[in-house]
Amino acid sequence: MHPERRTQYLEAIGIDLWLSRNSGARPAADRAPGASAAEREPPPPALDTAARWDALRSEVLQCTRCPLHLTRTQGVLGVGPKRADWLVIGEAPGAEEDRRGEPFVGAAGQLLDAMLRAIGLDRRTNVYIANVLKSRPPGNRDPRPEEVAACLPYLVRQIALLQPAIMLAVGRIAAQNLLGTDAPLGRLRGRVHRFGELNTPLVVTYHPAYLLRTPADKRKAWEDLKFARSVYQQRAKAQ
């Protein structure tokens with residue numbers, strides 16, 4: 001990544017970066033995040049995988065497992081390449097996501113994009129983005145347990161198809177529901193958790209919408225991102 005462009009990304013998420021003029025080391029944000037999932041192992045047969053994705057999307061769009069289908073515009077499955085090393089998981093679609101059918105759009109989505117680019121990632125190439133809930137709760141209220149129970153199987157199927165190397169849970173609601181805990185976000189950050197049968201590493205950080213309201217915590221989010229990247233790189237080297 002060009003140093004000037006990297007600096008712009010860090011500025012976008014409110015992070016200043018100081019480097020010694022005499023230092024020959026490249027900033028960590030400039031380093032490639034490692035081999036892609038496609039390079040590590042061959043994907044399953046394309047037609048079979050595509051058919052499974054199509055079936056999953058169709059089920060989400062037609063889902064009536066909980067009352068949220070009565071108030072939503074559409075189900076929001078996720079966005080990104082169908083084989084991705086990184087899986088970013090938020091809470092639920094908001095009003096704009098519900099209208100457009102895509103997670104993390106608007107100001108929060110722009111900040112998330114900047115956060116990902118700061119560690120050398122791009123949602124169009126090696127990041128899949130989804131939510132715990134596939135339907136928008138009215139008034140953007142917190143998800144109810146029965147709604148999470150209805151939607152979580154969809155996410156589990158997404159993870160099985162994606163086989164990500166790492167998961168990044170953004171926000172307290174997503175982290176608590178994925179990990180089955182009521183621990184505060186501060187206690188969940190800075191640790192490697194594990195999710196599902198694949199024992200996928202999971203790292204927790206702040207939700208971009210929260211960071212827009214509380215920019216003082218962007219420095220902590222930057223530390224979380226660097227930590228997640230180091231976990232990913234260590235896993236890539238071990239394989």
# chains A, B, ... in the order shown; residues from 1 in each chain; ligands from 1
>>> select_by_dssp(residues="range 128-168 of chain A", states="strand (DSSP E or B)", output="VMD selection string")
chain A and resid 128 to 131 166 to 168
>>> residues_around(residues="Gly196 in chain A", least_positions_apart="2", cutoff="10 Å", atoms="only C-alpha atoms", output="PyMOL selection string")
chain A and resi 156+159-160+178-179+194+198-201
>>> residues_around(residues="Lys82 in chain A", least_positions_apart="4", cutoff="8 Å", atoms="only C-alpha atoms", output="ChimeraX atom specification")
/A:128,161-162
>>> write_last_selection(atoms="N, CA and C atoms", output="JSON list (two decimals), in the first residue's frame")
[["chain", "number", "residue", "atom", "x", "y", "z"],
["A", 128, "TYR", "N", -15.78, -10.83, 3.71],
["A", 128, "TYR", "CA", -17.23, -11.00, 3.61],
["A", 128, "TYR", "C", -17.85, -10.34, 4.83],
["A", 161, "LEU", "N", -19.77, -22.25, 4.38],
["A", 161, "LEU", "CA", -19.48, -22.02, 2.98],
["A", 161, "LEU", "C", -18.22, -21.18, 2.78],
["A", 162, "LEU", "N", -18.06, -20.17, 3.62],
["A", 162, "LEU", "CA", -16.93, -19.26, 3.49],
["A", 162, "LEU", "C", -15.62, -19.90, 3.97]]
>>> closest_residue(among="A:Leu185, A:Ala209, A:Ala216, A:Ala130", to="Gly80 in chain A", atoms="only C-alpha atoms")
A:Ala130
>>> residues_around(residues="Glu223 in chain A", least_positions_apart="3", cutoff="12 Å", atoms="only C-alpha atoms", output="number ranges by chain")
A: 15, 28-29, 115, 118-119, 189-191, 203-206, 217-220, 226-230
>>> select_by_dssp(residues="range 64-99 of chain A", states="helix (DSSP H, G or I)", output="PyMOL selection string")
chain A and resi 67-70+95-99
>>> residues_around(residues="Met167 in chain A", least_positions_apart="3", cutoff="6 Å", atoms="only C-alpha atoms", output="list of chain:residue names")
A:Trp86, A:Leu87, A:Val88, A:Leu202
>>> residues_around(residues="range 50-55 of chain A", least_positions_apart="4", cutoff="12 Å", atoms="only C-alpha atoms", output="ChimeraX atom specification")
/A:43-46,59-63,77-79,81-83,154-155,157-162
>>> closest_residue(among="A:Ala107, A:Leu116, A:Ala84, A:Cys151", to="Pro67 in chain A", atoms="only C-alpha atoms")
A:Cys151
>>> closest_residue(among="A:Glu147, A:Asp122, A:Asp113, A:Asp48", to="Glu91 in chain A", atoms="only C-alpha atoms")
A:Glu147
>>> atom_distance(atom1="CA of Leu111 in chain A", atom2="CA of Leu211 in chain A")
8.6 Å
>>> atom_distance(atom1="CA of Arg65 in chain A", atom2="CA of Ala150 in chain A")
5.9 Å
>>> atom_distance(atom1="CA of Gly75 in chain A", atom2="CA of Arg136 in chain A")
8.0 Å
